[in-house]
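Engineer: Just so it is clear, I am handing over query06.csv, which has CSV, C-alpha atoms and all ligand atoms.
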```csv
chain,number,residue,atom,x,y,z
A,834,MET,CA,2.7,17.5,11.4
A,835,SER,CA,1.6,18.5,8.0
A,836,THR,CA,0.0,16.0,5.6
A,837,ASP,CA,0.3,18.3,2.6
A,838,SER,CA,4.0,18.5,2.2
A,839,PRO,CA,5.4,18.5,-1.3
A,840,GLY,CA,6.4,14.9,-1.6
A,841,THR,CA,3.0,13.5,-0.5
A,842,THR,CA,1.1,11.6,-3.1
A,843,GLY,CA,-2.7,11.7,-3.4
A,844,THR,CA,-4.7,9.9,-0.8
A,845,THR,CA,-6.8,7.1,-2.1
A,846,ALA,CA,-8.0,6.0,1.3
A,847,GLU,CA,-8.7,2.3,1.6
A,848,PRO,CA,-12.3,1.6,2.1
A,849,ALA,CA,-13.1,0.0,5.4
A,850,ASP,CA,-16.4,-1.2,6.7
A,851,GLU,CA,-15.2,-0.3,10.1
A,852,GLU,CA,-12.5,1.9,11.5
A,853,PRO,CA,-9.1,0.2,10.8
A,854,LEU,CA,-6.9,-0.6,13.7
A,855,LEU,CA,-4.0,1.4,12.2
A,856,ARG,CA,-4.4,4.1,9.6
A,857,ALA,CA,-1.4,5.8,8.0
A,858,THR,CA,-2.0,8.9,5.9
A,859,GLY,CA,0.6,10.7,3.8
A,860,ILE,CA,3.5,9.2,5.7
A,861,GLU,CA,7.0,10.4,4.9
A,862,LYS,CA,10.3,9.6,6.4
A,863,TYR,CA,13.3,11.5,5.2
A,864,PHE,CA,16.9,10.9,6.5
A,865,GLN,CA,19.4,13.7,6.3
A,866,THR,CA,22.5,12.6,4.3
A,867,GLU,CA,26.0,13.5,5.0
A,868,THR,CA,27.0,16.2,2.4
A,869,GLY,CA,30.2,17.9,1.7
A,870,LEU,CA,30.7,21.6,1.0
A,871,PHE,CA,30.6,20.9,-2.8
A,872,ASP,CA,27.1,19.4,-2.6
A,873,ARG,CA,25.8,22.1,-0.4
A,874,PHE,CA,27.2,24.8,-2.7
A,875,PHE,CA,25.6,23.2,-5.8
A,876,GLY,CA,22.4,22.5,-4.0
A,877,GLU,CA,22.4,18.7,-4.3
A,878,PRO,CA,19.5,16.9,-2.5
A,879,THR,CA,20.4,16.3,1.1
A,880,HIS,CA,17.7,13.8,2.1
A,881,VAL,CA,17.1,10.1,1.6
A,882,ARG,CA,13.4,9.9,0.9
A,883,ALA,CA,13.0,6.5,2.4
A,884,VAL,CA,9.2,6.7,2.7
A,885,ASP,CA,7.7,9.4,0.5
A,886,GLY,CA,3.9,9.7,0.9
A,887,VAL,CA,2.3,6.4,2.0
A,888,ASP,CA,-1.3,5.8,2.8
A,889,LEU,CA,-2.4,2.4,4.2
A,890,SER,CA,-4.5,0.8,6.8
A,891,VAL,CA,-4.6,-2.4,8.8
A,892,GLY,CA,-7.8,-3.8,10.2
A,893,GLU,CA,-8.2,-5.8,13.4
A,894,ARG,CA,-7.0,-9.4,13.0
A,895,GLU,CA,-5.9,-8.6,9.5
A,896,THR,CA,-2.5,-9.3,7.9
A,897,LEU,CA,-1.2,-6.7,5.5
A,898,GLY,CA,1.8,-8.0,3.4
A,899,LEU,CA,4.2,-5.2,2.6
A,900,VAL,CA,6.5,-6.2,-0.3
A,901,GLY,CA,9.2,-4.6,-2.4
A,902,GLU,CA,12.9,-4.9,-3.3
A,903,SER,CA,15.7,-4.1,-0.9
A,904,GLY,CA,16.0,-0.4,-0.2
A,905,CYS,CA,12.4,0.5,-1.2
A,906,GLY,CA,11.7,1.7,2.4
A,907,LYS,CA,9.8,-1.3,3.9
A,908,THR,CA,11.8,-1.3,7.2
A,909,THR,CA,11.6,2.4,7.5
A,910,LEU,CA,7.9,2.3,7.0
A,911,GLY,CA,7.5,-0.5,9.5
A,912,ARG,CA,9.4,1.5,12.0
A,913,VAL,CA,7.3,4.5,11.5
A,914,LEU,CA,4.1,2.5,11.7
A,915,SER,CA,5.2,1.0,15.0
A,916,ARG,CA,6.4,4.5,16.2
A,917,LEU,CA,10.0,3.3,16.6
A,918,TYR,CA,10.7,6.3,14.2
A,919,ASP,CA,8.9,9.6,14.2
A,920,PRO,CA,7.5,10.3,10.7
A,921,SER,CA,8.8,13.4,8.9
A,922,ALA,CA,5.3,14.1,7.8
A,923,GLY,CA,1.9,12.5,7.7
A,924,THR,CA,-0.4,11.1,10.4
A,925,LEU,CA,-0.9,7.8,12.2
A,926,GLU,CA,-4.0,6.7,14.0
A,927,PHE,CA,-4.3,3.6,16.1
A,928,ASP,CA,-7.6,2.4,17.3
A,929,GLY,CA,-9.1,5.8,16.5
A,930,ASP,CA,-6.5,7.8,18.4
A,931,ASP,CA,-3.8,10.1,16.8
A,932,ILE,CA,-0.5,8.5,17.7
A,933,THR,CA,1.7,10.6,15.4
A,934,ASP,CA,3.3,12.7,18.1
A,935,LEU,CA,3.0,10.4,21.1
A,936,SER,CA,5.9,10.4,23.6
A,937,GLY,CA,6.7,9.5,27.2
A,938,ASP,CA,4.1,7.4,29.0
A,939,ALA,CA,1.6,7.5,26.2
A,940,LEU,CA,4.2,6.0,23.8
A,941,LYS,CA,5.0,3.4,26.4
A,942,ARG,CA,1.3,2.5,26.5
A,943,LEU,CA,1.3,2.2,22.7
A,944,ARG,CA,4.2,-0.2,22.9
A,945,LYS,CA,2.0,-2.6,24.8
A,946,ARG,CA,-0.4,-2.7,21.9
A,947,VAL,CA,2.0,-2.5,19.0
A,948,GLN,CA,5.1,-4.8,18.9
A,949,VAL,CA,7.8,-5.5,16.4
A,950,ILE,CA,9.5,-8.7,15.3
A,951,PHE,CA,12.9,-8.1,13.6
A,952,GLN,CA,14.5,-9.8,10.6
A,953,ASP,CA,17.7,-11.0,12.2
A,954,PRO,CA,16.9,-12.6,15.5
A,955,MET,CA,20.6,-13.0,16.4
A,956,SER,CA,21.2,-9.3,16.3
A,957,SER,CA,17.9,-8.3,17.9
A,958,LEU,CA,18.4,-10.6,20.9
A,959,ASN,CA,20.9,-9.5,23.6
A,960,PRO,CA,23.6,-12.2,23.5
A,961,ARG,CA,24.3,-11.7,27.2
A,962,LYS,CA,20.8,-12.3,28.4
A,963,THR,CA,19.1,-15.7,28.6
A,964,ALA,CA,16.0,-16.3,26.5
A,965,GLY,CA,13.9,-16.1,29.8
A,966,GLU,CA,15.4,-12.7,30.6
A,967,ILE,CA,14.8,-11.4,27.0
A,968,VAL,CA,11.1,-12.5,26.9
A,969,GLY,CA,10.6,-11.5,30.6
A,970,LYS,CA,11.8,-7.9,30.1
A,971,PRO,CA,8.6,-6.6,28.6
A,972,LEU,CA,6.6,-8.3,31.4
A,973,GLU,CA,8.6,-6.2,33.8
A,974,VAL,CA,8.7,-2.9,31.8
A,975,HIS,CA,4.9,-3.0,31.5
A,976,ASP,CA,4.3,-4.2,35.0
A,977,ILE,CA,2.6,-7.3,33.8
A,978,ALA,CA,4.1,-10.0,36.1
A,979,THR,CA,6.9,-10.5,38.5
A,980,GLY,CA,8.2,-13.5,40.6
A,981,GLN,CA,6.5,-16.8,40.1
A,982,ALA,CA,3.7,-15.3,38.0
A,983,LYS,CA,6.3,-14.1,35.6
A,984,ARG,CA,8.0,-17.5,35.5
A,985,ASP,CA,4.6,-19.2,34.9
A,986,ARG,CA,3.8,-16.7,32.1
A,987,LEU,CA,7.2,-17.3,30.5
A,988,VAL,CA,6.7,-21.1,30.5
A,989,GLU,CA,3.3,-20.5,28.9
A,990,LEU,CA,4.7,-18.2,26.3
A,991,PHE,CA,7.6,-20.6,25.5
A,992,ASP,CA,5.1,-23.4,25.1
A,993,GLU,CA,3.0,-21.2,22.9
A,994,VAL,CA,5.8,-20.6,20.4
A,995,GLY,CA,7.1,-24.2,20.4
A,996,LEU,CA,9.9,-23.9,22.9
A,997,GLN,CA,10.4,-25.7,26.2
A,998,GLU,CA,10.8,-24.6,29.8
A,999,SER,CA,14.4,-25.8,29.7
A,1000,HIS,CA,15.1,-23.2,27.0
A,1001,LEU,CA,14.5,-20.3,29.5
A,1002,ASP,CA,18.0,-20.4,30.8
A,1003,ARG,CA,19.8,-20.7,27.5
A,1004,TYR,CA,21.5,-17.9,25.6
A,1005,PRO,CA,20.7,-16.8,22.1
A,1006,HIS,CA,23.8,-18.5,20.5
A,1007,GLU,CA,22.6,-21.8,21.9
A,1008,PHE,CA,19.5,-21.8,19.6
A,1009,SER,CA,18.9,-22.4,15.9
A,1010,GLY,CA,17.8,-19.5,13.7
A,1011,GLY,CA,14.2,-20.7,13.8
A,1012,GLN,CA,14.3,-21.0,17.5
A,1013,ARG,CA,15.7,-17.5,17.9
A,1014,GLN,CA,12.8,-16.2,15.8
A,1015,ARG,CA,10.5,-18.0,18.1
A,1016,ILE,CA,12.0,-16.2,21.1
A,1017,GLY,CA,11.5,-12.9,19.2
A,1018,ILE,CA,7.8,-13.9,18.6
A,1019,ALA,CA,7.4,-14.8,22.3
A,1020,ARG,CA,8.9,-11.4,23.3
A,1021,ALA,CA,6.4,-9.6,21.1
A,1022,LEU,CA,3.6,-11.7,22.3
A,1023,ALA,CA,4.4,-11.2,26.0
A,1024,VAL,CA,2.5,-7.9,26.3
A,1025,GLU,CA,-0.5,-9.3,24.4
A,1026,PRO,CA,-0.4,-6.7,21.6
A,1027,ASP,CA,-3.1,-6.0,19.1
A,1028,LEU,CA,-0.7,-5.4,16.2
A,1029,ILE,CA,2.7,-6.8,15.4
A,1030,VAL,CA,4.9,-5.3,12.7
A,1031,ALA,CA,7.0,-8.2,11.5
A,1032,ASP,CA,10.0,-7.0,9.5
A,1033,GLU,CA,11.2,-9.8,7.2
A,1034,PRO,CA,10.7,-12.3,10.1
A,1035,VAL,CA,11.6,-15.3,7.9
A,1036,SER,CA,14.0,-13.9,5.4
A,1037,ALA,CA,17.1,-15.2,7.3
A,1038,LEU,CA,15.7,-18.7,7.7
A,1039,ASP,CA,15.7,-21.9,5.6
A,1040,VAL,CA,12.6,-22.4,3.4
A,1041,SER,CA,11.3,-25.3,5.6
A,1042,VAL,CA,11.8,-23.2,8.7
A,1043,GLN,CA,10.1,-20.2,7.1
A,1044,ALA,CA,7.0,-22.3,6.6
A,1045,GLN,CA,7.0,-23.3,10.3
A,1046,ILE,CA,7.4,-19.7,11.5
A,1047,ILE,CA,4.6,-18.5,9.2
A,1048,ASN,CA,2.3,-21.2,10.3
A,1049,LEU,CA,3.1,-20.4,14.0
A,1050,MET,CA,2.3,-16.7,13.3
A,1051,LYS,CA,-0.9,-17.6,11.7
A,1052,ARG,CA,-1.9,-19.9,14.6
A,1053,LEU,CA,-1.1,-17.1,17.1
A,1054,GLN,CA,-3.1,-14.6,15.0
A,1055,ASP,CA,-6.1,-16.9,15.1
A,1056,LYS,CA,-5.8,-17.5,18.8
A,1057,TYR,CA,-5.0,-14.0,20.0
A,1058,GLY,CA,-6.8,-11.9,17.4
A,1059,LEU,CA,-3.5,-10.3,16.2
A,1060,ALA,CA,-3.1,-8.0,13.3
A,1061,TYR,CA,0.2,-8.1,11.4
A,1062,VAL,CA,2.1,-5.9,9.0
A,1063,PHE,CA,4.2,-8.6,7.5
A,1064,ILE,CA,7.2,-7.3,5.6
A,1065,ALA,CA,9.0,-9.3,2.9
A,1066,HIS,CA,10.9,-8.7,-0.3
A,1067,ASP,CA,9.3,-11.7,-1.9
A,1068,LEU,CA,5.6,-11.9,-2.8
A,1069,SER,CA,5.7,-15.7,-2.4
A,1070,VAL,CA,6.5,-15.3,1.3
A,1071,VAL,CA,3.4,-13.1,2.0
A,1072,LYS,CA,1.0,-15.2,-0.1
A,1073,HIS,CA,0.1,-17.6,2.6
A,1074,ILE,CA,-0.4,-15.2,5.5
A,1075,SER,CA,-1.7,-12.0,4.0
A,1076,ASP,CA,-5.3,-10.8,3.6
A,1077,ARG,CA,-4.2,-7.7,1.7
A,1078,VAL,CA,-0.9,-6.8,0.0
A,1079,ALA,CA,0.8,-3.4,-0.5
A,1080,VAL,CA,3.6,-3.3,-3.1
A,1081,MET,CA,6.2,-0.7,-2.4
A,1082,TYR,CA,8.7,0.9,-4.8
A,1083,LEU,CA,11.2,3.7,-4.0
A,1084,GLY,CA,9.3,5.0,-1.0
A,1085,ARG,CA,5.8,4.7,-2.4
A,1086,ILE,CA,3.0,2.2,-2.5
A,1087,VAL,CA,2.5,1.4,-6.3
A,1088,GLU,CA,-0.3,-1.2,-5.9
A,1089,ARG,CA,-2.4,-2.3,-3.1
A,1090,GLY,CA,-5.3,-4.7,-2.8
A,1091,LYS,CA,-6.8,-7.9,-1.6
A,1092,LYS,CA,-4.5,-10.8,-1.9
A,1093,ARG,CA,-6.6,-12.4,-4.6
A,1094,ASP,CA,-6.4,-9.2,-6.7
A,1095,ILE,CA,-2.7,-8.8,-6.3
A,1096,PHE,CA,-1.9,-12.4,-7.2
A,1097,GLY,CA,-4.8,-13.0,-9.6
A,1098,ASN,CA,-5.1,-9.7,-11.3
A,1099,PRO,CA,-1.8,-7.7,-10.8
A,1100,GLN,CA,-1.9,-4.4,-12.6
A,1101,HIS,CA,1.2,-2.4,-11.9
A,1102,PRO,CA,4.2,-3.4,-14.1
A,1103,TYR,CA,6.3,-3.6,-11.0
A,1104,THR,CA,3.9,-6.0,-9.2
A,1105,ARG,CA,3.8,-8.2,-12.3
A,1106,ALA,CA,7.6,-8.2,-12.5
A,1107,LEU,CA,7.8,-9.2,-8.8
A,1108,LEU,CA,5.3,-12.0,-9.4
A,1109,HIS,CA,7.2,-13.2,-12.5
A,1110,SER,CA,10.5,-13.4,-10.5
A,1111,ILE,CA,9.0,-15.8,-8.0
A,1112,PRO,CA,11.0,-19.1,-8.4
A,1113,ARG,CA,9.0,-22.1,-9.6
A,1114,VAL,CA,8.9,-25.3,-7.6
A,1115,ASP,CA,11.4,-26.8,-10.0
A,1116,GLY,CA,13.8,-24.0,-9.2
A,1117,LYS,CA,13.6,-22.3,-12.6
A,1118,ARG,CA,12.3,-18.8,-12.9
A,1119,LYS,CA,9.2,-17.8,-14.8
A,1120,ARG,CA,9.8,-16.9,-18.4
A,1121,ASN,CA,9.4,-13.1,-17.9
A,1122,GLU,CA,12.1,-12.7,-15.3
A,1123,SER,CA,13.7,-10.0,-17.4
A,1124,LEU,CA,10.7,-7.8,-16.7
A,1125,LEU,CA,12.7,-6.4,-13.8
A,1126,GLU,CA,16.3,-5.4,-14.7
A,1127,GLY,CA,18.9,-3.3,-12.9
A,1128,ASN,CA,18.5,-1.7,-9.5
A,1129,PRO,CA,16.1,0.9,-8.3
A,1130,PRO,CA,17.2,4.5,-8.6
A,1131,SER,CA,18.5,6.3,-5.5
A,1132,PRO,CA,15.9,7.5,-3.1
A,1133,ILE,CA,18.0,10.7,-2.7
A,1134,ASP,CA,17.0,11.9,-6.1
A,1135,PRO,CA,14.1,9.8,-7.5
A,1136,PRO,CA,13.1,10.1,-11.2
A,1137,SER,CA,10.6,12.7,-12.2
A,1138,GLY,CA,7.1,11.6,-13.0
A,1139,CYS,CA,6.6,7.9,-12.3
A,1140,ARG,CA,9.4,6.5,-10.2
A,1141,PHE,CA,9.3,3.2,-11.9
A,1142,ARG,CA,9.6,4.6,-15.4
A,1143,THR,CA,13.4,4.0,-15.6
A,1144,ARG,CA,12.7,0.2,-15.3
A,1145,CYS,CA,9.2,0.0,-16.6
A,1146,PRO,CA,8.5,-2.4,-19.5
A,1147,GLU,CA,5.4,-0.3,-20.3
A,1148,TYR,CA,7.2,3.0,-20.4
A,1149,LEU,CA,5.4,5.4,-22.8
A,1150,GLY,CA,7.6,8.4,-22.9
A,1151,ASP,CA,6.9,12.0,-21.8
A,1152,GLU,CA,3.7,11.3,-19.9
A,1153,CYS,CA,5.5,8.8,-17.7
A,1154,SER,CA,8.4,11.3,-17.1
A,1155,GLU,CA,6.1,14.2,-16.4
A,1156,ILE,CA,3.1,12.9,-14.4
A,1157,ASP,CA,3.6,11.6,-10.9
A,1158,PRO,CA,0.8,9.0,-10.8
A,1159,GLU,CA,-1.5,8.8,-7.8
A,1160,LEU,CA,-3.1,5.7,-6.5
A,1161,GLN,CA,-6.4,5.1,-8.3
A,1162,PRO,CA,-9.0,2.3,-8.4
A,1163,VAL,CA,-8.4,-0.5,-10.8
A,1164,ALA,CA,-11.2,-1.1,-13.3
A,1165,GLY,CA,-11.8,-4.7,-12.1
A,1166,ALA,CA,-14.1,-6.0,-14.9
A,1167,SER,CA,-11.9,-5.0,-17.9
A,1168,GLY,CA,-8.6,-5.6,-16.2
A,1169,THR,CA,-7.4,-2.2,-17.5
A,1170,VAL,CA,-6.6,1.0,-15.7
A,1171,ALA,CA,-8.3,4.2,-16.4
A,1172,PRO,CA,-6.6,7.5,-17.3
A,1173,PRO,CA,-7.1,10.1,-14.6
A,1174,GLU,CA,-10.2,11.7,-16.1
A,1175,ARG,CA,-12.0,8.4,-15.9
A,1176,VAL,CA,-11.2,7.6,-12.3
A,1177,GLU,CA,-14.3,9.3,-10.9
A,1178,ALA,CA,-16.5,7.4,-13.4
A,1179,ILE,CA,-14.9,4.2,-12.4
A,1180,SER,CA,-15.2,4.9,-8.7
A,1181,THR,CA,-18.9,5.5,-9.0
A,1182,GLY,CA,-19.7,3.1,-11.7
A,1183,GLY,CA,-19.6,0.0,-9.5
A,1184,GLU,CA,-17.3,-2.0,-11.7
A,1185,SER,CA,-14.1,-1.5,-9.8
A,1186,SER,CA,-12.8,-3.4,-6.8
A,1187,PRO,CA,-12.5,-0.4,-4.5
A,1188,GLU,CA,-9.6,-1.8,-2.4
A,1189,HIS,CA,-7.5,-2.5,-5.5
A,1190,VAL,CA,-5.6,0.6,-6.4
A,1191,ILE,CA,-2.5,1.3,-8.5
A,1192,ALA,CA,-0.2,4.2,-9.2
A,1193,CYS,CA,-0.1,4.1,-13.0
A,1194,HIS,CA,-2.3,6.3,-15.1
A,1195,TRP,CA,-1.4,4.9,-18.5
A,1196,LEU,CA,-1.3,1.2,-18.3
A,1197,GLY,CA,-4.5,0.5,-20.3
A,1198,GLU,CA,-3.5,3.2,-22.7
A,1199,SER,CA,0.0,1.7,-23.3
A,1200,SER,CA,-1.4,-1.7,-24.4
A,1201,GLU,CA,-4.0,0.0,-26.6
A,1202,ARG,CA,-1.3,2.2,-28.1
A,1203,ARG,CA,1.0,-0.7,-28.7
A,1204,ALA,CA,-1.7,-2.6,-30.4
A,1205,ARG,CA,-2.4,0.4,-32.6
A,1206,GLU,CA,1.2,0.9,-33.5
A,1207,ASP,CA,1.9,-2.8,-34.0
A,1208,PRO,CA,-1.3,-4.6,-34.8
A,1209,MET,CA,0.6,-7.9,-35.0
A,1210,SER,CA,1.8,-7.7,-31.4
A,1301,LIG,N1,19.0,5.8,9.3
A,1301,LIG,C1,19.2,6.0,8.0
A,1301,LIG,N2,19.9,7.0,7.5
A,1301,LIG,C2,20.0,7.3,6.2
A,1301,LIG,N3,19.4,6.5,5.3
A,1301,LIG,C3,18.7,5.5,5.7
A,1301,LIG,C4,18.5,5.1,7.1
A,1301,LIG,N4,17.7,4.0,7.1
A,1301,LIG,C5,17.4,3.7,5.9
A,1301,LIG,N5,18.0,4.5,5.0
A,1301,LIG,C6,17.9,4.5,3.5
A,1301,LIG,O1,16.5,4.5,3.2
A,1301,LIG,C7,16.2,3.7,2.1
A,1301,LIG,C8,15.2,2.7,2.6
A,1301,LIG,O2,15.8,1.8,3.5
A,1301,LIG,P1,15.0,0.6,4.2
A,1301,LIG,O3,15.9,-0.2,5.0
A,1301,LIG,O4,13.8,1.2,4.8
A,1301,LIG,O5,14.5,-0.3,2.9
A,1301,LIG,P2,14.1,-1.8,2.9
A,1301,LIG,O6,13.1,-1.9,1.8
A,1301,LIG,O7,13.6,-2.2,4.2
A,1301,LIG,O8,15.4,-2.5,2.5
A,1301,LIG,P3,16.0,-3.9,3.1
A,1301,LIG,O9,15.1,-5.0,2.7
A,1301,LIG,O10,17.3,-4.0,2.4
A,1301,LIG,O11,16.1,-3.7,4.6
A,1301,LIG,C9,17.5,3.1,1.7
A,1301,LIG,O12,18.1,3.8,0.7
A,1301,LIG,C10,18.4,3.2,2.9
A,1301,LIG,O13,19.7,3.3,2.6
```
How does this structure look as C-alpha cells?
Structural biologist:
Amino acid sequence: MSTDSPGTTGTTAEPADEEPLLRATGIEKYFQTETGLFDRFFGEPTHVRAVDGVDLSVGERETLGLVGESGCGKTTLGRVLSRLYDPSAGTLEFDGDDITDLSGDALKRLRKRVQVIFQDPMSSLNPRKTAGEIVGKPLEVHDIATGQAKRDRLVELFDEVGLQESHLDRYPHEFSGGQRQRIGIARALAVEPDLIVADEPVSALDVSVQAQIINLMKRLQDKYGLAYVFIAHDLSVVKHISDRVAVMYLGRIVERGKKRDIFGNPQHPYTRALLHSIPRVDGKRKRNESLLEGNPPSPIDPPSGCRFRTRCPEYLGDECSEIDPELQPVAGASGTVAPPERVEAISTGGESSPEHVIACHWLGESSERRAREDPMS
C-alpha cells in the first residue's frame, strides 16, 4: 500500500524514546458511496473519506484518547488500527512488524494481541449465548483453555471485571448496561492482549457507571500492562484515563499531545471549542459554547484548505481556504503557533514540546492580525 496517495497529510511523526507498540502512518480509509447515473455523469465524488491521512502511535502501557464529534471517523480509525478494517492507504506497524496487509493465521495471531471493546455492549454480545460462552469463545478460538481449565479461567476473568461465577450462565439481557460492558471487557481480556481499542466504551452508560468502568479499565491496565486507544466524543471522558490525546476532525488529526498540553494549553480552535463545550459540574456550559456551531461538513466532499475553516472562529480568509495545514510542533513557551517557514526553527530551537502538534498554520498570526486591525480587542 502506498503512503503517498493524494489525500495524505504531512507526517509529523510522534517522537518516542522507544519504538511504539502501534504506529500508524498516513492511514486512509475511504468507503465507496452509492451513486446514481447523474452523479457518475457529472463526476461527483464517490467516496466517503472517513479517515484521510492519520499518523499516530501508541506506546506500551499507554492510553491514547481519541476524541472528536460524531462522524469524524473515530470508529473507522479504531477499526483500522485493530485491523478489523483494511486501510485504503497507509501503513500499520505493531511491535515493530508491518501488519498492514496481514491475513489468515498471521491476522489471527494479531487478534490475540490486539482486542476491541465496542460502544454498545448489547449489540456486540450475542443474545443467544450466555456470558460464559461469550467470554469463553476467544479462549477456544485461540486454543488457550478447554474443559475445567477454561471454566477456571472464566471464573478468574469474571472476578477480575467485578462479575460473579453465577453470572456465567446468564444471558446478556439479564445484565445492566455496566455489567454488559464488563462482559465485553472480560472477553477482550481473555486472550491477554497488549492493546485494546475501546470504541466509546462508556458512552452508552450513566455517568456514575462510566466512572466505574473507566476505573476498572485503569486498574486492569496497571495490572496487565495494557495499552489502550480510548475513543470518545467528549474530552471530559478521556481526561482521567489518557496519557496523550489526539483530536480528530473530518477524518484528520488536528491536534495531538500529552494530556496536560491538550487540556492545559489547547491550541487548535477545534480543541478549544470541544473543551469549552464540556458541561460544568453545575450542569451549565462554559461561556464560549458557541465556539462550535453547526455540524461538520460531509466527508464525501470536505472543504478546500483547512477542513475546519467553515466553523472556525479564527478563520482568516484565503489562506485558510487554500492551504491544507499539516501537523506541526506547537511553540510551547509562547503559546502561539508558527507559520510554516518557522516550523524548522521551532523544531530545532528547543522551545517546543515535540509531542504537541497542531494542524493550523495561522493561529498565532490571526490573533496578531486581529490585534492590529482592532487594537481595542
Ligand atoms: N461502512 C461504511 N460505509 C460508508 N460510509 C461509512 C461507513 N462507515 C462509516 N462511514 C462514514 O464515515 C464517516 C465516519 O464514520 P465513523 O463512524 O468512523 O465516525 P465516528 O466519529 O466514529 O462517529 P460516531 O461517534 O457517530 O460513531 C461518517 O460519515 C460515516 O457515515
Engineer: Kindly provide, as a ChimeraX atom specification, the polymer residues lying within 12 Å of (3.9, -7.0, -3.8), counting all atoms listed in the file and using the coordinates exactly as they appear in the file.
Structural biologist: /A:897-902,905,907,1063-1072,1075,1077-1082,1085-1096,1099-1111,1191
Engineer: Can you tell me which residues surround segment 851-860 of chain A at a distance of at most 6 Å, considering all atoms listed in the file, apart from same-chain residues fewer than 4 positions away, and format the answer as an MDAnalysis selection string?
Structural biologist: chainID A and resid 836 841 886:893 922:928
Engineer: With only C-alpha atoms as the atoms that count, which of A:Gly1150, A:Gly911, A:Pro1158, A:Pro1132 lies nearest to Gln865 of chain A?
Structural biologist: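 Using only C-alpha atoms, Gln865 of chain A sits closest to A:Pro1132.
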Engineer: Mind checking which residues fall within 7 Å of Phe951 of chain A, counting only C-alpha atoms, ignoring those fewer than 6 positions away in the same chain, and posting them as a PyMOL selection string?
Structural biologist: chain A and resi 957+1031-1034
Engineer: When distances are computed from only C-alpha atoms, which of A:Leu935, A:Ile950, A:Leu958, A:Leu1038 shows the smallest separation from Met1050 of chain A?
Structural biologist: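 Looking at the shortest contact to Met1050 of chain A, the residue is A:Ile950.
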Engineer: Which of these residues is nearest to ligand LIG 1301 (chain A), using all atoms listed in the file: A:Pro1187, A:Gly1011, A:Gly1138, A:Gly1084?
Structural biologist: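 Closest candidate: A:Gly1084.
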Engineer: Quick one: pull the distance between atom CA of Ala1060 of chain A and atom CA of Ala1192 of chain A, Å, one decimal.
Structural biologist: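 Interatomic distance here is 25.8 Å.
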Engineer: Which residue gives the smallest distance to ligand LIG 1301 (chain A) among A:Glu895, A:Met955, A:Glu1188, A:Leu910, with all atoms listed in the file counted?
Structural biologist: A:Leu910
Engineer: Find the residue from A:Leu940, A:Asp1151, A:Gln1045, A:Asn1128 that sits nearest to ligand LIG 1301 (chain A); use all atoms listed in the file when measuring.
Structural biologist: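 Once distances to ligand LIG 1301 (chain A) are computed over all atoms listed in the file, the minimum belongs to A:Asn1128.
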Engineer: Could you jot down the atom CA of Lys970 of chain A to atom CA of Val913 of chain A separation for me, Å, one decimal place?
Structural biologist: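 One can read the atom CA of Lys970 of chain A to atom CA of Val913 of chain A distance as 22.8 Å.
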Engineer: Which polymer residues have any atom within 8 Å of an atom of Asp919 of chain A, counting all atoms listed in the file, with same-chain residues fewer than 3 positions away left out, as number ranges by chain?
Structural biologist: A: 862, 913, 916, 933-934
Engineer: Given the choices A:Phe991, A:Leu996, A:Arg942, A:Asp953, which gets closest to Pro1026 of chain A if the distance is worked out from all atoms listed in the file?
Structural biologist: A:Arg942
Engineer: Residues proximal to (15.0, -21.1, 29.6) were defined as those with any atom within 7 Å of that point in the file's coordinates, counting all atoms listed in the file. Which are they, as number ranges by chain?
Structural biologist: A: 963-965, 998-1003
